[in-house]
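Following: one structure in structure tokens, then a few remarks.
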Amino acid sequence: SIAVLGHPYNIYDAFASMNMLERLQNMGAHIVTAEALSEQTVKDSAARYLSKKLFWTLGRRIVGAAFAYMERRAVAGIVHVAAFGCGPDSMTGELIERHARRLGIPFLNITLDEHTGEAGLLTRLEAFMDTLRWREAGSAYV
């Protein structure tokens with residue numbers, strides 16, 4: 001399982017995300033998102049790991065979901081989808097990445113803007129999936 005986390009209008013819009021969810025599924029990933037978790041689960045996880053409540057509602061949901069998935073060891077990796085120029089996305093991405101790094105969970109940040117190329121996105125997704133497979137196989141390359 002891979003958590004794909006970001007604003008719903010970015011991750012679920014096939015045009016904006018260049019079919020990211022479908023591409024990952026075609027590569028063998030089982031996708032989970034913040035919307036799969038209850039509001040209470042998200043709140044509880046965020047409260048356990050953050051010293052204060054995040055101001056942004058969607059940001060709080062994204063971070064809380066990431067922490068919930070990581071604390072349960074329910075995902076092999078996390079893809080954070082951010083919109084270029086979105087201050088809250090840069091902050092939430094950093095919080096998630098630091099926590100993932102501490103736990104040894106692979107993390108990929110994808111920043112979308114009008115210059116994001118399909119080939120570059122595909123290459124990054126393929127490399128991320130390769131990393132997860134190598135970890136699963138116990139490869140010395142990871």
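Order determines the names: the first chain of the structure tokens is A, the second B, and so forth; residues in each chain are numbered 1 upward, and ligands are numbered 1 upward as they are shown.
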
Residues of range 37-75 of chain A that approach range 97-106 of chain A to 12 Å or less, counting only C-alpha atoms: could you list each one with the shortest pair of atoms and its distance in Å to one decimal, rows by chain and increasing residue number, as CSV?
```
residue,atom,partner,partner_atom,distance
A:Ala46,CA,A:His99,CA,11.6
A:Tyr49,CA,A:His99,CA,9.0
A:Leu50,CA,A:His99,CA,10.6
A:Val63,CA,A:His99,CA,10.0
A:Gly64,CA,A:His99,CA,11.5
A:Ala66,CA,A:Ala100,CA,8.7
A:Phe67,CA,A:His99,CA,7.7
A:Ala68,CA,A:His99,CA,11.3
A:Tyr69,CA,A:Ala100,CA,10.3
A:Met70,CA,A:Ala100,CA,7.3
A:Glu71,CA,A:Leu103,CA,8.9
A:Arg72,CA,A:Leu103,CA,11.4
A:Arg73,CA,A:Ile105,CA,8.9
A:Ala74,CA,A:Ile105,CA,10.7
A:Val75,CA,A:Ile105,CA,8.3
```

Write to file, as a PDB file, in the first residue's frame, the residues of the selection just made, with C-alpha atoms.
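Output file selection_30.pdb follows:
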```pdb
ATOM      1  CA  ALA A  46      -2.131  14.687  14.436  1.00  0.00           C
ATOM      2  CA  TYR A  49       2.686  14.066  16.997  1.00  0.00           C
ATOM      3  CA  LEU A  50       2.211  17.827  16.673  1.00  0.00           C
ATOM      4  CA  VAL A  63      -0.695  15.411   8.091  1.00  0.00           C
ATOM      5  CA  GLY A  64      -2.979  13.499  10.465  1.00  0.00           C
ATOM      6  CA  ALA A  66       0.095  10.501   7.095  1.00  0.00           C
ATOM      7  CA  PHE A  67       0.880  10.067  10.784  1.00  0.00           C
ATOM      8  CA  ALA A  68      -1.966   7.548  11.207  1.00  0.00           C
ATOM      9  CA  TYR A  69      -0.760   5.429   8.283  1.00  0.00           C
ATOM     10  CA  MET A  70       2.840   5.590   9.495  1.00  0.00           C
ATOM     11  CA  GLU A  71       2.082   4.784  13.125  1.00  0.00           C
ATOM     12  CA  ARG A  72       0.086   1.729  12.041  1.00  0.00           C
ATOM     13  CA  ARG A  73       2.808   0.748   9.547  1.00  0.00           C
ATOM     14  CA  ALA A  74      -0.071   0.479   7.074  1.00  0.00           C
ATOM     15  CA  VAL A  75       1.876   1.810   4.086  1.00  0.00           C
TER      16      VAL A  75
END
```

Exercise for the section: For Val4 in chain A, list every protein, DNA or RNA residue within 9 Å, evaluated using only C-alpha atoms, and leave out those in the same chain fewer than 6 positions away; present the list as a PyMOL selection string. Expected result: chain A and resi 11+21+31-34+77-81

Show which residues sit within 10 Å of Glu39 in chain A, as a CSV table (one decimal) with N, CA and C atoms, in the first residue's frame. Count only C-alpha atoms, and ignore same-chain residues fewer than 4 positions away.
```csv
chain,number,residue,atom,x,y,z
A,34,ALA,N,-6.1,10.1,2.4
A,34,ALA,CA,-6.6,10.7,3.7
A,34,ALA,C,-8.1,10.4,3.8
A,35,GLU,N,-8.8,10.4,2.7
A,35,GLU,CA,-10.3,10.3,2.8
A,35,GLU,C,-10.7,8.9,3.3
A,43,LYS,N,-7.6,13.3,13.5
A,43,LYS,CA,-7.4,14.2,14.6
A,43,LYS,C,-6.5,13.6,15.7
A,44,ASP,N,-6.8,12.4,16.1
A,44,ASP,CA,-6.0,11.8,17.1
A,44,ASP,C,-4.5,11.6,16.8
A,61,ARG,N,-5.7,17.6,7.9
A,61,ARG,CA,-6.2,16.2,7.5
A,61,ARG,C,-5.1,15.4,6.8
A,64,GLY,N,-2.4,14.5,9.5
A,64,GLY,CA,-3.0,13.5,10.5
A,64,GLY,C,-3.1,12.1,9.8
A,65,ALA,N,-3.5,12.1,8.5
A,65,ALA,CA,-3.6,10.8,7.8
A,65,ALA,C,-2.2,10.2,7.6
```

Handout entry: Sel. of alpha helix (DSSP H) residues, chain A, as a PyMOL selection string
Key = chain A and resi 8-11+20-26+39-49+57-71+87-103+118-137

Exercise for the section: Quote the spacing between CA of Thr131 in chain A and CA of Met27 in chain A in Å to one decimal place. Expected result: 12.6 Å

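Among the candidates A:Leu122, A:Leu132, A:Leu95, A:Lys53, the one nearest to Glu22 in chain A when counting only C-alpha atoms is A:Leu122.
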